[in-house]
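Here's entry.txt, which has compact mmCIF, C-alpha atoms:
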```txt
# COMPACT_ATOMS: atom_id res chain seq x y z
CA MET L 147 1.66 34.29 -22.42
CA ASP L 148 3.55 37.56 -22.67
CA LEU L 149 4.05 39.69 -19.55
CA ASP L 150 3.68 43.45 -19.32
CA LEU L 151 7.04 44.16 -17.66
CA PRO L 152 9.24 47.24 -17.23
CA ALA L 153 11.69 47.89 -20.04
CA GLY L 154 14.84 45.79 -19.91
CA LEU L 155 13.31 42.81 -18.09
CA THR L 156 12.80 39.41 -19.70
CA HIS L 157 10.83 36.35 -18.70
CA ARG L 158 10.90 32.62 -19.32
CA PRO L 159 9.75 29.35 -17.71
CA LEU L 160 11.95 28.25 -14.83
CA THR L 161 14.11 25.13 -14.70
CA PHE L 162 15.28 23.11 -11.72
CA GLU L 163 18.59 25.00 -11.90
CA ASP L 164 16.70 28.21 -11.02
CA ALA L 165 15.73 26.91 -7.56
CA SER L 166 18.47 28.86 -5.77
CA GLY L 167 17.38 32.09 -7.46
CA VAL L 168 13.78 31.47 -6.45
CA LEU L 169 14.89 30.82 -2.87
CA ALA L 170 16.86 34.08 -2.87
CA ALA L 171 13.80 36.04 -4.03
CA ILE L 172 11.51 34.42 -1.46
CA ALA L 173 14.00 34.92 1.35
CA ALA L 174 14.64 38.56 0.45
CA GLU L 175 10.92 39.31 0.45
CA GLU L 176 10.33 37.47 3.75
CA VAL L 177 13.25 39.21 5.44
CA HIS L 178 11.88 42.55 4.25
CA ASP L 179 8.33 41.75 5.44
CA LEU L 180 8.98 39.62 8.54
CA GLY L 181 12.58 40.28 9.58
CA GLU L 182 13.73 36.73 8.77
CA SER L 183 13.06 33.77 6.50
CA SER L 184 12.87 30.07 7.31
CA MET L 185 12.51 29.03 3.65
CA THR L 186 15.07 26.50 2.40
CA LEU L 187 16.25 25.21 -0.95
CA GLU L 188 14.75 21.82 -0.05
CA ASP L 189 11.32 23.47 0.31
CA VAL L 190 11.49 24.74 -3.26
CA GLU L 191 12.91 21.54 -4.71
CA ALA L 192 10.49 19.19 -2.92
CA ASP L 193 7.50 21.05 -4.36
CA TRP L 194 8.98 20.86 -7.86
CA LEU L 195 9.72 17.12 -7.52
CA ARG L 196 6.05 16.13 -7.31
CA PRO L 197 5.28 13.68 -10.15
CA SER L 198 2.09 15.58 -11.10
CA TYR L 199 3.94 18.88 -11.39
CA ASP L 200 5.37 20.31 -14.60
CA ILE L 201 7.83 23.09 -13.93
CA ALA L 202 7.91 24.39 -17.50
CA SER L 203 4.17 25.11 -17.67
CA SER L 204 3.70 26.02 -14.00
CA THR L 205 6.36 28.72 -13.54
CA VAL L 206 7.66 31.95 -14.96
CA GLY L 207 10.77 33.84 -13.92
CA VAL L 208 11.44 37.55 -14.46
CA PHE L 209 15.07 38.44 -15.11
CA ASP L 210 17.28 41.51 -15.25
CA GLY L 211 20.11 40.03 -17.27
CA ASP L 212 20.98 36.83 -15.41
CA LEU L 213 19.46 37.96 -12.10
CA LEU L 214 16.07 36.54 -11.17
CA VAL L 215 14.14 39.50 -9.77
CA ALA L 216 10.73 37.86 -9.48
CA TYR L 217 8.91 34.62 -10.13
CA ALA L 218 5.45 33.06 -10.16
CA ASP L 219 4.50 29.42 -9.62
CA LEU L 220 1.04 27.89 -10.03
CA SER L 221 1.71 25.11 -7.52
CA THR L 222 -1.79 23.63 -7.84
CA PRO L 223 -4.76 24.84 -9.93
CA THR L 224 -5.97 26.93 -6.96
CA VAL L 225 -2.70 27.97 -5.27
CA GLY L 226 -0.06 30.30 -6.68
CA TYR L 227 3.24 31.51 -5.23
CA THR L 228 5.08 34.71 -6.18
CA ALA L 229 8.00 36.77 -4.92
CA VAL L 230 9.48 40.06 -6.09
CA LEU L 231 12.79 41.40 -4.82
CA PRO L 232 11.96 44.28 -2.45
CA GLU L 233 13.97 46.80 -4.49
CA ARG L 234 11.91 45.93 -7.59
CA GLN L 235 8.49 46.24 -5.94
CA GLY L 236 6.15 49.01 -7.05
CA GLN L 237 7.15 48.67 -10.73
CA GLY L 238 4.16 46.63 -11.93
CA ILE L 239 5.94 43.26 -11.81
CA GLY L 240 3.59 41.86 -9.15
CA THR L 241 0.54 42.85 -11.17
CA ALA L 242 1.97 41.15 -14.27
CA LEU L 243 2.62 37.98 -12.28
CA ALA L 244 -0.90 38.04 -10.82
CA ASP L 245 -2.30 38.23 -14.36
CA TRP L 246 -0.09 35.29 -15.38
CA ILE L 247 -1.19 33.14 -12.44
CA GLN L 248 -4.87 33.85 -13.07
CA ALA L 249 -4.49 32.95 -16.75
CA ARG L 250 -2.68 29.71 -15.91
CA ALA L 251 -5.30 28.82 -13.28
CA ARG L 252 -8.11 29.34 -15.80
CA ALA L 253 -6.27 27.17 -18.30
CA ALA L 254 -6.01 24.46 -15.63
CA GLY L 255 -9.80 24.55 -15.19
CA SER L 256 -9.90 26.36 -11.85
CA ASP L 257 -12.58 28.91 -10.93
CA ARG L 258 -10.51 30.40 -8.08
CA VAL L 259 -6.85 31.00 -7.27
CA GLY L 260 -5.09 32.51 -4.29
CA ALA L 261 -2.05 32.70 -2.06
CA GLN L 262 -1.03 33.22 1.56
CA VAL L 263 0.98 36.39 2.21
CA PRO L 264 2.25 38.29 5.27
CA GLU L 265 -0.43 40.55 6.68
CA GLY L 266 0.14 44.17 5.65
CA SER L 267 2.94 43.32 3.20
CA ALA L 268 3.26 44.78 -0.29
CA ALA L 269 1.86 41.52 -1.67
CA ASP L 270 -1.11 41.69 0.71
CA ARG L 271 -1.88 45.28 -0.29
CA LEU L 272 -1.54 44.50 -4.00
CA MET L 273 -3.82 41.46 -3.82
CA ARG L 274 -6.42 43.46 -1.91
CA ASP L 275 -6.29 46.22 -4.53
CA LEU L 276 -6.64 43.63 -7.32
CA GLY L 277 -9.82 42.25 -5.77
CA TYR L 278 -8.54 39.22 -3.85
CA GLU L 279 -10.73 38.58 -0.80
CA ALA L 280 -9.38 37.47 2.56
CA LEU L 281 -10.52 33.91 3.36
CA TRP L 282 -8.65 33.05 6.56
CA THR L 283 -5.83 34.12 8.85
CA ALA L 284 -2.72 32.04 9.56
CA TRP L 285 0.16 32.30 12.01
CA ASP L 286 3.74 31.18 12.25
CA LEU L 287 4.49 30.02 15.78
CA GLU L 288 7.87 29.40 17.40
CA LEU L 289 9.17 27.46 20.36
CA PRO L 290 11.99 29.82 21.42
CA ALA L 291 15.50 28.43 21.77
CA ASP L 292 15.64 29.19 25.49
CA ARG L 293 12.35 27.48 26.31
CA GLU L 294 12.47 24.00 27.77
CA ILE L 295 10.11 21.39 26.38
CA GLU L 296 7.92 19.87 29.07
CA ALA L 297 8.09 16.07 28.90
CA ARG L 298 4.76 14.36 28.35
CA ASN L 299 3.94 10.72 28.91
CA LEU L 300 2.14 8.68 26.28
CA PRO L 301 -1.14 7.03 27.25
CA ALA L 302 -0.69 3.39 28.22
CA GLY L 303 -0.27 1.07 25.26
CA PHE L 304 0.91 3.72 22.76
CA THR L 305 4.40 4.20 21.32
CA ILE L 306 6.11 6.78 19.10
CA ALA L 307 8.91 5.89 16.67
CA ASP L 308 10.35 6.70 13.26
CA ALA L 309 8.06 5.64 10.41
CA GLY L 310 9.26 2.79 8.24
CA GLU L 311 8.66 2.33 4.53
CA ASP L 312 5.74 0.02 5.33
CA ASP L 313 4.05 2.88 7.22
CA ARG L 314 3.99 5.32 4.31
CA ARG L 315 0.55 4.49 2.92
CA ALA L 316 -1.03 4.56 6.39
CA THR L 317 0.69 7.88 7.13
CA TRP L 318 -0.47 9.38 3.84
CA THR L 319 -4.06 8.28 4.51
CA LEU L 320 -4.06 9.55 8.10
CA LEU L 321 -2.55 12.96 7.41
CA GLU L 322 -4.56 13.62 4.26
CA ASP L 323 -7.77 12.62 6.07
CA ALA L 324 -6.88 14.95 8.95
CA PHE L 325 -6.09 17.96 6.75
CA LEU L 326 -9.07 17.44 4.45
CA GLU L 327 -11.44 17.76 7.40
CA TRP L 328 -11.02 21.53 7.11
CA SER L 329 -8.98 22.17 3.94
CA ASP L 330 -10.83 22.88 0.68
CA ARG L 331 -8.65 21.02 -1.80
CA ASP L 332 -8.40 17.70 -3.59
CA ARG L 333 -6.64 14.75 -1.97
CA GLN L 334 -2.97 14.56 -2.91
CA SER L 335 -1.77 11.38 -4.53
CA ILE L 336 0.59 9.34 -2.38
CA GLU L 337 3.31 10.11 -4.94
CA ASP L 338 2.91 13.89 -4.58
CA PHE L 339 2.55 13.59 -0.81
CA GLY L 340 5.70 11.49 -0.62
CA ALA L 341 7.71 13.91 -2.77
CA ARG L 342 7.26 16.51 -0.02
CA ILE L 343 8.19 14.12 2.79
CA TRP L 344 10.28 10.98 2.16
CA GLY L 345 11.23 12.27 -1.30
CA ARG L 346 12.29 15.65 0.07
CA PRO L 347 16.03 16.29 -0.47
CA GLY L 348 17.93 15.43 2.70
CA TYR L 349 15.15 13.27 4.18
CA GLU L 350 16.13 11.20 7.23
CA PRO L 351 13.97 8.59 9.01
CA TRP L 352 13.44 10.81 12.08
CA ASN L 353 11.65 13.38 9.90
CA LEU L 354 8.50 11.23 9.89
CA ARG L 355 7.34 10.00 13.29
CA VAL L 356 4.30 7.82 13.96
CA ALA L 357 2.25 6.97 17.03
CA ARG L 358 1.04 3.39 17.25
CA ALA L 359 -1.71 1.81 19.27
CA GLU L 360 -1.01 -1.40 21.16
CA ASP L 361 -1.93 -3.52 18.12
CA GLY L 362 0.63 -1.66 15.97
CA THR L 363 -1.91 0.46 14.07
CA VAL L 364 -0.69 3.95 13.08
CA VAL L 365 -2.97 6.45 14.84
CA GLY L 366 -0.87 9.64 14.63
CA ALA L 367 1.94 11.16 12.60
CA THR L 368 4.23 14.18 12.47
CA HIS L 369 6.52 15.44 9.71
CA VAL L 370 9.41 17.57 11.03
CA HIS L 371 12.56 18.71 9.25
CA LEU L 372 15.46 21.09 9.74
CA SER L 373 14.90 24.52 8.20
CA GLY L 374 18.34 26.05 7.88
CA ALA L 375 20.48 28.28 10.09
CA ASP L 376 19.83 31.89 11.12
CA GLU L 377 22.24 34.18 9.24
CA ASP L 378 22.96 36.29 12.33
CA THR L 379 23.08 33.72 15.14
CA GLY L 380 23.84 30.50 13.28
CA GLU L 381 21.03 28.77 15.19
CA VAL L 382 19.51 25.86 13.27
CA GLY L 383 15.74 25.78 13.08
CA ALA L 384 13.23 22.97 12.65
CA TYR L 385 9.77 23.08 11.11
CA VAL L 386 6.86 20.80 11.98
CA ALA L 387 5.16 20.67 8.59
CA LYS L 388 2.36 18.25 9.48
CA ILE L 389 0.77 16.72 12.55
CA GLY L 390 -2.38 14.62 12.66
CA ILE L 391 -4.23 12.18 14.93
CA ARG L 392 -6.84 9.68 13.79
CA PRO L 393 -10.29 10.93 14.89
CA ASP L 394 -11.08 7.92 17.06
CA HIS L 395 -7.89 8.50 19.09
CA ARG L 396 -8.22 12.23 19.73
CA GLY L 397 -8.73 13.60 23.20
CA ARG L 398 -6.18 11.25 24.76
CA GLY L 399 -3.24 13.64 24.83
CA LEU L 400 -1.54 12.19 21.75
CA ALA L 401 -1.29 15.46 19.80
CA PRO L 402 0.70 17.48 22.39
CA THR L 403 2.84 14.42 23.15
CA MET L 404 3.67 13.96 19.48
CA LEU L 405 4.43 17.65 19.10
CA VAL L 406 6.82 17.59 22.03
CA ASP L 407 8.39 14.42 20.58
CA ALA L 408 8.92 16.16 17.23
CA PHE L 409 10.58 19.15 18.89
CA GLY L 410 12.74 16.83 20.96
CA ARG L 411 13.92 14.87 17.92
CA ALA L 412 14.68 18.13 16.12
CA ARG L 413 16.78 19.38 19.04
CA VAL L 414 18.69 16.08 19.16
CA HIS L 415 19.57 16.75 15.51
CA GLY L 416 20.84 20.27 16.13
CA ALA L 417 17.77 22.52 16.04
CA ARG L 418 17.52 25.28 18.60
CA ARG L 419 14.37 27.04 17.38
CA CYS L 420 11.24 25.10 16.37
CA PHE L 421 8.43 26.41 14.16
CA LEU L 422 5.08 25.46 12.70
CA SER L 423 2.15 27.16 10.99
CA THR L 424 -1.57 26.97 11.64
CA ASP L 425 -4.67 28.92 10.67
CA THR L 426 -8.19 29.74 11.73
CA ARG L 427 -9.65 26.73 9.87
CA ALA L 428 -7.74 24.19 11.98
CA GLY L 429 -8.52 25.75 15.37
CA ALA L 430 -5.27 24.40 16.84
CA ARG L 431 -3.44 27.54 17.89
CA GLY L 432 -4.39 27.00 21.55
CA LEU L 433 -2.82 23.53 21.54
CA TYR L 434 0.48 24.90 20.30
CA GLU L 435 0.53 27.75 22.79
CA LYS L 436 -0.05 25.28 25.63
CA VAL L 437 3.29 23.60 24.89
CA GLY L 438 5.07 26.98 25.01
CA MET L 439 4.88 28.26 21.43
CA VAL L 440 4.38 31.95 20.63
CA ALA L 441 3.02 33.57 17.47
CA THR L 442 5.76 35.37 15.50
CA SER L 443 3.95 36.46 12.33
CA THR L 444 0.45 36.75 10.89
CA TRP L 445 -0.51 35.80 7.33
CA VAL L 446 -3.62 36.32 5.22
CA ASN L 447 -4.92 33.82 2.69
CA ARG L 448 -6.41 35.76 -0.20
CA SER L 449 -8.28 34.36 -3.19
CA ILE L 450 -10.03 35.66 -6.30
CA ARG L 451 -12.78 34.15 -8.44
CA LEU L 452 -11.80 33.76 -12.08
```

In structure tokens, write the structure found in this file.
Amino acid sequence: MDLDLPAGLTHRPLTFEDASGVLAAIAAEEVHDLGESSMTLEDVEADWLRPSYDIASSTVGVFDGDLLVAYADLSTPTVGYTAVLPERQGQGIGTALADWIQARARAAGSDRVGAQVPEGSAADRLMRDLGYEALWTAWDLELPADREIEARNLPAGFTIADAGEDDRRATWTLLEDAFLEWSDRDRQSIEDFGARIWGRPGYEPWNLRVARAEDGTVVGATHVHLSGADEDTGEVGAYVAKIGIRPDHRGRGLAPTMLVDAFGRARVHGARRCFLSTDTRAGARGLYEKVGMVATSTWVNRSIRL
């Protein structure tokens, strides 16, 4: 598909070698919109390493010479990612990328496609003007570097430890079941799920923690990883990407205990600031605020019918 771009710009499918350029575009846009970015190269690469994903047919990069100035990525048939360097916004590039994503989503058999963008950002305004409706609100929350984590005791008979290879299928089942209670998407294969966790570049055993009942059954899990250093302060951050408790073990205090455990493990490994994201569908913001987290940014999930 050709793109209607300003004169002098070219486009082509991305390759794995373009990951650093994509990261630079995402980070520049997030810094412009939010004041900082917690995106890492590993975030980009892990998504592209999913076995079901084909980078050549799922991406397009926009270039000014050798410089990547924008990109689009149909990550799944219903979810697209884009970024445009702030100095190149307002030139029609975002509109061209939106057209490309919609065309690719239709070709993949989807009747809807959308993205999550910072509230009030240029991307948010453009999507609204193009007819994307707001479906839900999301927040980034942070445990500030100067805030102590209150220790919490596990209920009797439960333990928390690093997940082993033998725990991977149980962890996949538990976390997918938990997220699919409120998320409108298909179940990920264990191979795609694993590419984002134990297949993520730089993975270490402490990144995946599991809670076990007395009989050894996995009843809870968290995925936490380092998220790079702040350019100004040098402080290393950590991101809790997933947390879930099996339904028959909720209400026992496992979720806040596992969250505190994840933050503690991250701080042992050098993190000063800890982050996670949640949205109105999950109804968990209150839980995170109870352990001392504060909302730092607001996002809007917008979608359009094709």

Check your understanding: Could you pull the residues within 10 Å of Pro301 (chain L), counting only C-alpha atoms, minus those fewer than 3 positions along the same chain, as a PyMOL selection string?
Key -> chain L and resi 298+304-305+359+398-400+403

Review point. For Val230 (chain L), which of L:Thr426, L:Ser267, L:Ser329, L:Thr319 is the closest residue, counting all atoms listed in the file?
Key: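 Ranking L:Thr426, L:Ser267, L:Ser329, L:Thr319 by distance to Val230 (chain L), first place goes to L:Ser267.
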
Point to revise | Tyr199 (chain L) surroundings by all atoms listed in the file, 10 Å radius, close-in-sequence under 4 positions cut, as a list in words | key: Asp193, Trp194, Leu195, Ser203, Ser204, Leu220, Ser221, Thr222 and Asp338 of chain L

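Ranking L:Asp323, L:Glu191, L:Glu288, L:Asp179 by their shortest atom-to-atom distance to Ala269 (chain L), with all atoms listed in the file included, puts L:Asp179 first.
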
Check your understanding: What lies within 10 Å of region 428-430 of chain L using only C-alpha atoms, ignoring chain neighbours under 3 positions off, as JSON, numbers by chain?
Key -> {"L": [284, 324, 325, 327, 328, 329, 423, 424, 425, 433, 434, 435]}

Practice item. Would you mind listing what lies within 10 Å of Trp285 (chain L) as a ChimeraX atom specification, with only C-alpha atoms counted and same-chain residues fewer than 5 positions away left out? Key: /L:264-265,422-426,431,440-446

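Of the listed residues L:Leu180, L:Gly383, L:Ala261, L:Gly390, the one whose atoms come nearest to Leu326 (chain L) is L:Gly390, with distances taken using only C-alpha atoms.
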
Point to revise | Neighbour list for region 154-169 of chain L as a PyMOL selection string, cut-off 12 Å, only C-alpha atoms, skip fewer than 3 positions in-chain | key: chain L and resi 147-151+172-177+183-195+200-220+227-231+234+237-239+242-243+246

Check your understanding: Between L:Ala387, L:Gly397, L:Ala170, L:Tyr278, which has the minimum distance to Pro232 (chain L) (counting all atoms listed in the file)?
Key ->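 Looking at the shortest contact to Pro232 (chain L), the residue is L:Ala170.
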
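Using only C-alpha atoms, the shortest contact distance between Ala408 (chain L) and any of L:Ala384, L:Ala309, L:Ile343, L:Leu281 is found at L:Ala384.
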
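Here the question is which of L:Thr241, L:Arg293, L:Arg419, L:Ala253 gets nearest to Met273 (chain L) using all atoms listed in the file, and that residue is L:Thr241.
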
Exercise for review: Quote the spacing between CA of Glu381 (chain L) and CA of Arg418 (chain L) in Å to one decimal place.
Suggested key: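 Value for the CA of Glu381 (chain L)-CA of Arg418 (chain L) distance: 6.0 Å.
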
Point to revise | Point-to-point distance in Å for CA of Thr363 (chain L) and CA of Pro393 (chain L) | key: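 CA of Pro393 (chain L) sits 13.4 Å away from CA of Thr363 (chain L).
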
Point to revise | CA of Met439 (chain L) to CA of Gly303 (chain L), straight-line distance in Å | key: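 Between CA of Gly303 (chain L) and CA of Met439 (chain L) the gap works out to 27.9 Å.
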